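Data block for target.pdb (PDB, C-alpha atoms):
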ATOM      1  CA  MET A   1      19.578  80.268  61.662
ATOM      2  CA  ASP A   2      19.459  79.272  57.971
ATOM      3  CA  ALA A   3      22.410  76.937  58.503
ATOM      4  CA  PHE A   4      20.665  75.249  61.421
ATOM      5  CA  THR A   5      17.518  74.838  59.330
ATOM      6  CA  GLU A   6      19.620  73.058  56.711
ATOM      7  CA  ILE A   7      21.087  70.781  59.387
ATOM      8  CA  VAL A   8      17.599  69.847  60.594
ATOM      9  CA  GLN A   9      16.383  69.200  57.050
ATOM     10  CA  ARG A  10      19.404  67.062  56.228
ATOM     11  CA  TYR A  11      19.465  64.949  59.388
ATOM     12  CA  GLN A  12      15.805  64.867  60.426
ATOM     13  CA  LYS A  13      15.040  61.530  58.755
ATOM     14  CA  PRO A  14      18.124  59.637  60.013
ATOM     15  CA  VAL A  15      17.608  60.918  63.563
ATOM     16  CA  MET A  16      13.902  60.128  63.452
ATOM     17  CA  HIS A  17      14.644  56.641  62.099
ATOM     18  CA  PHE A  18      17.175  55.993  64.872
ATOM     19  CA  CYS A  19      14.774  57.203  67.555
ATOM     20  CA  TYR A  20      11.927  55.144  66.139
ATOM     21  CA  ARG A  21      14.000  51.966  66.027
ATOM     22  CA  MET A  22      15.101  52.509  69.607
ATOM     23  CA  ILE A  23      11.684  53.462  70.994
ATOM     24  CA  GLY A  24       9.215  51.635  68.757
ATOM     25  CA  SER A  25       6.569  54.355  68.817
ATOM     26  CA  ARG A  26       6.379  56.945  66.048
ATOM     27  CA  PRO A  27       4.828  59.711  68.212
ATOM     28  CA  ASP A  28       7.414  59.191  70.953
ATOM     29  CA  ALA A  29      10.225  59.028  68.409
ATOM     30  CA  GLU A  30       9.075  62.321  66.890
ATOM     31  CA  ASP A  31       9.161  63.935  70.339
ATOM     32  CA  VAL A  32      12.636  62.583  71.065
ATOM     33  CA  ALA A  33      13.939  63.612  67.635
ATOM     34  CA  GLN A  34      12.616  67.132  68.221
ATOM     35  CA  GLU A  35      14.263  67.165  71.642
ATOM     36  CA  THR A  36      17.510  66.065  69.970
ATOM     37  CA  PHE A  37      17.543  69.089  67.681
ATOM     38  CA  ILE A  38      16.686  71.431  70.543
ATOM     39  CA  ARG A  39      19.606  70.058  72.536
ATOM     40  CA  LEU A  40      21.840  70.277  69.470
ATOM     41  CA  TYR A  41      20.941  73.937  68.998
ATOM     42  CA  LYS A  42      21.790  74.678  72.625
ATOM     43  CA  ALA A  43      25.111  72.824  72.284
ATOM     44  CA  LEU A  44      26.266  74.373  68.997
ATOM     45  CA  GLY A  45      28.867  76.545  70.720
ATOM     46  CA  ARG A  46      30.361  73.541  72.496
ATOM     47  CA  LEU A  47      30.755  71.264  69.466
ATOM     48  CA  ARG A  48      34.315  70.276  68.660
ATOM     49  CA  PRO A  49      35.320  70.943  65.061
ATOM     50  CA  ASP A  50      37.854  68.074  65.148
ATOM     51  CA  HIS A  51      35.065  65.494  65.677
ATOM     52  CA  PRO A  52      32.550  64.426  63.023
ATOM     53  CA  PHE A  53      29.265  66.295  63.311
ATOM     54  CA  THR A  54      27.219  63.091  63.112
ATOM     55  CA  THR A  55      29.014  61.791  66.193
ATOM     56  CA  ALA A  56      27.785  64.725  68.238
ATOM     57  CA  LEU A  57      24.306  64.580  66.712
ATOM     58  CA  PHE A  58      23.782  60.870  67.322
ATOM     59  CA  THR A  59      25.306  61.074  70.791
ATOM     60  CA  ILE A  60      22.668  63.667  71.638
ATOM     61  CA  ALA A  61      19.975  61.502  69.992
ATOM     62  CA  ARG A  62      21.170  58.466  71.921
ATOM     63  CA  ASN A  63      21.087  60.292  75.251
ATOM     64  CA  ALA A  64      17.638  61.730  74.572
ATOM     65  CA  THR A  65      16.383  58.278  73.586
ATOM     66  CA  LEU A  66      17.840  56.592  76.658
ATOM     67  CA  ASN A  67      16.324  59.286  78.897
ATOM     68  CA  HIS A  68      12.979  58.639  77.267
ATOM     69  CA  LEU A  69      13.285  54.867  77.650
ATOM     70  CA  ARG A  70      14.180  55.203  81.324
ATOM     71  CA  GLY A  71      11.085  57.236  82.040
ATOM     72  CA  ARG A  72       8.464  55.480  80.021
ATOM     73  CA  GLY A  73       5.696  53.098  80.678
ATOM     74  CA  ARG A  74       4.262  53.346  77.197
ATOM     75  CA  HIS A  75       3.934  49.763  76.084
ATOM     76  CA  GLN A  76       0.378  50.306  74.867
ATOM     77  CA  ARG A  77       1.361  53.214  72.595
ATOM     78  CA  ARG A  78       4.179  51.184  71.073
ATOM     79  CA  MET A  79       1.857  48.290  70.348
ATOM     80  CA  ALA A  80      -0.737  50.637  68.841
ATOM     81  CA  ALA A  81       1.930  52.159  66.587
ATOM     82  CA  LEU A  82       3.040  48.689  65.491
ATOM     83  CA  LYS A  83      -0.528  47.722  64.633
ATOM     84  CA  GLN A  84      -0.932  50.946  62.652
ATOM     85  CA  GLU A  85       2.215  50.182  60.639
ATOM     86  CA  GLN A  86       0.973  46.682  59.952
ATOM     87  CA  LYS A  87      -2.216  48.169  58.517
ATOM     88  CA  GLY A  88      -0.070  50.225  56.137
ATOM     89  CA  LEU A  89       1.761  47.063  55.119
ATOM     90  CA  ASP A  90      -1.593  45.410  54.437
ATOM     91  CA  SER A  91      -2.410  47.837  51.652
ATOM     92  CA  THR A  92       0.829  47.053  49.788
ATOM     93  CA  LEU A  93       0.343  43.307  49.732
ATOM     94  CA  ASN A  94      -2.494  41.846  47.686
ATOM     95  CA  GLN A  95      -2.272  38.113  48.299
ATOM     96  CA  PRO A  96      -3.846  37.113  51.619
ATOM     97  CA  ASP A  97      -1.302  34.402  52.446
ATOM     98  CA  ARG A  98       1.673  36.655  51.634
ATOM     99  CA  LYS A  99       0.092  39.493  53.570
ATOM    100  CA  ALA A 100      -0.356  37.324  56.650
ATOM    101  CA  GLN A 101       3.157  35.935  56.376
ATOM    102  CA  ALA A 102       4.670  39.409  55.995
ATOM    103  CA  GLN A 103       2.700  40.652  59.000
ATOM    104  CA  ASP A 104       3.852  37.730  61.096
ATOM    105  CA  ILE A 105       7.494  38.175  60.134
ATOM    106  CA  THR A 106       7.372  41.932  60.690
ATOM    107  CA  ALA A 107       5.747  41.490  64.079
ATOM    108  CA  ALA A 108       8.263  38.811  65.098
ATOM    109  CA  LEU A 109      11.203  40.962  64.031
ATOM    110  CA  GLU A 110       9.851  44.052  65.797
ATOM    111  CA  LYS A 111       9.172  41.989  68.914
ATOM    112  CA  ALA A 112      12.696  40.575  68.832
ATOM    113  CA  LEU A 113      14.191  44.044  68.375
ATOM    114  CA  ALA A 114      12.058  45.470  71.186
ATOM    115  CA  ALA A 115      13.175  42.688  73.532
ATOM    116  CA  LEU A 116      16.866  43.530  73.159
ATOM    117  CA  PRO A 117      18.612  45.270  76.038
ATOM    118  CA  PRO A 118      19.093  48.987  75.223
ATOM    119  CA  GLU A 119      22.883  48.708  74.868
ATOM    120  CA  TYR A 120      22.504  45.959  72.248
ATOM    121  CA  LYS A 121      19.607  47.662  70.488
ATOM    122  CA  GLU A 122      21.344  51.030  70.131
ATOM    123  CA  ALA A 123      24.498  49.458  68.674
ATOM    124  CA  LEU A 124      22.488  47.324  66.238
ATOM    125  CA  VAL A 125      20.259  50.220  65.141
ATOM    126  CA  LEU A 126      23.255  52.495  64.557
ATOM    127  CA  ARG A 127      24.922  49.793  62.465
ATOM    128  CA  GLU A 128      22.040  48.236  60.510
ATOM    129  CA  TYR A 129      19.590  51.105  60.185
ATOM    130  CA  GLN A 130      21.915  54.112  60.207
ATOM    131  CA  GLY A 131      24.842  52.443  58.413
ATOM    132  CA  PHE A 132      27.563  53.734  60.738
ATOM    133  CA  ASP A 133      30.894  51.936  60.905
ATOM    134  CA  TYR A 134      32.090  50.370  64.143
ATOM    135  CA  GLN A 135      34.483  53.210  64.999
ATOM    136  CA  HIS A 136      31.751  55.821  64.584
ATOM    137  CA  ILE A 137      29.398  53.789  66.760
ATOM    138  CA  ALA A 138      32.116  53.385  69.396
ATOM    139  CA  THR A 139      32.549  57.144  69.514
ATOM    140  CA  ILE A 140      28.796  57.736  69.836
ATOM    141  CA  LEU A 141      28.425  55.112  72.553
ATOM    142  CA  ALA A 142      31.681  56.112  74.289
ATOM    143  CA  CYS A 143      32.985  52.558  74.418
ATOM    144  CA  PRO A 144      35.725  50.522  72.692
ATOM    145  CA  VAL A 145      35.210  49.167  69.170
ATOM    146  CA  GLY A 146      35.451  45.631  70.525
ATOM    147  CA  THR A 147      32.509  46.308  72.806
ATOM    148  CA  VAL A 148      30.493  47.593  69.839
ATOM    149  CA  ARG A 149      31.300  44.455  67.842
ATOM    150  CA  SER A 150      30.359  42.280  70.807
ATOM    151  CA  ARG A 151      27.052  44.070  71.391
ATOM    152  CA  ILE A 152      26.090  43.848  67.730
ATOM    153  CA  ALA A 153      26.991  40.165  67.580
ATOM    154  CA  ARG A 154      24.979  39.448  70.722
ATOM    155  CA  ALA A 155      22.018  41.453  69.417
ATOM    156  CA  ARG A 156      22.045  39.559  66.137
ATOM    157  CA  GLU A 157      22.262  36.239  67.970
ATOM    158  CA  GLN A 158      19.363  37.094  70.275
ATOM    159  CA  ILE A 159      17.222  38.147  67.312
ATOM    160  CA  ARG A 160      18.224  34.990  65.428
ATOM    161  CA  GLN A 161      17.237  32.816  68.395
ATOM    162  CA  GLN A 162      13.880  34.548  68.750
ATOM    163  CA  LEU A 163      13.154  34.245  65.033
ATOM    164  CA  LEU A 164      14.107  30.562  65.096
ATOM    165  CA  ALA A 165      11.713  30.046  67.989
ATOM    166  CA  TYR A 166       9.059  31.919  66.027
ATOM    167  CA  GLY A 167       9.686  29.709  62.971
ATOM    168  CA  GLU A 168       9.361  26.544  65.020
ATOM    169  CA  SER A 169       6.137  27.723  66.641
ATOM    170  CA  ALA A 170       4.713  28.675  63.240
ATOM    171  CA  LEU A 171       5.156  25.140  61.896
TER     172      LEU A 171
END

As a first step, turn the structure in this file into structure tokens.
Amino acid sequence: MDAFTEIVQRYQKPVMHFCYRMIGSRPDAEDVAQETFIRLYKALGRLRPDHPFTTALFTIARNATLNHLRGRGRHQRRMAALKQEQKGLDSTLNQPDRKAQAQDITAALEKALAALPPEYKEALVLREYQGFDYQHIATILACPVGTVRSRIARAREQIRQQLLAYGESAL
């Protein structure tokens, strides 16, 4: 039990961060992260010692997140969470014009990320926010490395296009 407690303490933040980036709502991400560790505990006897532990952990997190996304209609909670985070950003910025600009950019980026299809979003989040290499992501997503590269490239391009459109509309 002590060993499992150490696992939770070590990986709680990365799992929570992944879930949050996929879901967009802190309360929902906390629930999914908790569900991930419950599922991990139940699966401990089935883990393969010849595979990296993080692969199993993030595969479980991915599946829990996708199950949550399939069953949700929580757009309002996600928007409320985004507004709450923007309020936190407000307190760190003192200049009104910089504060407004930072809020606009953050909102545009979050909106672009939220608009991505789940298969693009999960690959991008695992790469950019979790720092996993392509092979590790391919193992988690159970797809070829080329597919991972393609999904990440497409995700980046879609975000770039949305941010360009935002920049043009802001002028």

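Counting all atoms listed in the file, the residue from A:Ile7, A:Leu69, A:Leu109, A:Ala43 that sits nearest to A:Gly167 is A:Leu109.
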
So what does the PyMOL selection byres ((chain A and resi 119) around 10) actually pick up in this one, as a ChimeraX atom specification?
/A:66,116-118,120-124,141,148,151-152,155

Compile the contact shell of A:Val125 as JSON, numbers by chain: residues with an atom at most 12 Å away, counting only C-alpha atoms, same-chain residues fewer than 6 positions apart removed.
{"A": [14, 15, 16, 17, 18, 19, 20, 21, 22, 23, 24, 58, 62, 113, 114, 116, 118, 119, 131, 132, 133, 134, 137, 148, 151, 152, 155, 156]}

Give me, please, the distance in Å between atom CA of A:Asn63 and atom CA of A:Glu157, quoted to one decimal.
25.2 Å

Applying 7 Å and only C-alpha atoms, which residues near A:Thr55 remain after dropping the ones on its own chain fewer than 6 positions away? List them as a PyMOL selection string.
chain A and resi 136+139-140

Work out how far apart atom CA of A:Arg127 and atom CA of A:Ala153 are and give it in Å to one decimal.
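Atom-to-atom, atom CA of A:Arg127 to atom CA of A:Ala153, that is 11.1 Å.
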
For A:Ala29, which residue among A:Leu163, A:Ala61, A:Ala56, A:Met1 is the nearest when counting all atoms listed in the file?
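Once distances to A:Ala29 are computed over all atoms listed in the file, the minimum belongs to A:Ala61.
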
Where does the PyMOL selection byres ((chain A and resi 39) around 12) land in this file, that is, which residues does it pick, as number ranges by chain?
A: 32-38, 40-47, 56-64

Can you measure atom CA of A:Val8 to atom CA of A:Cys143 for me? One decimal in Å is fine.
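A separation of 27.0 Å between them.
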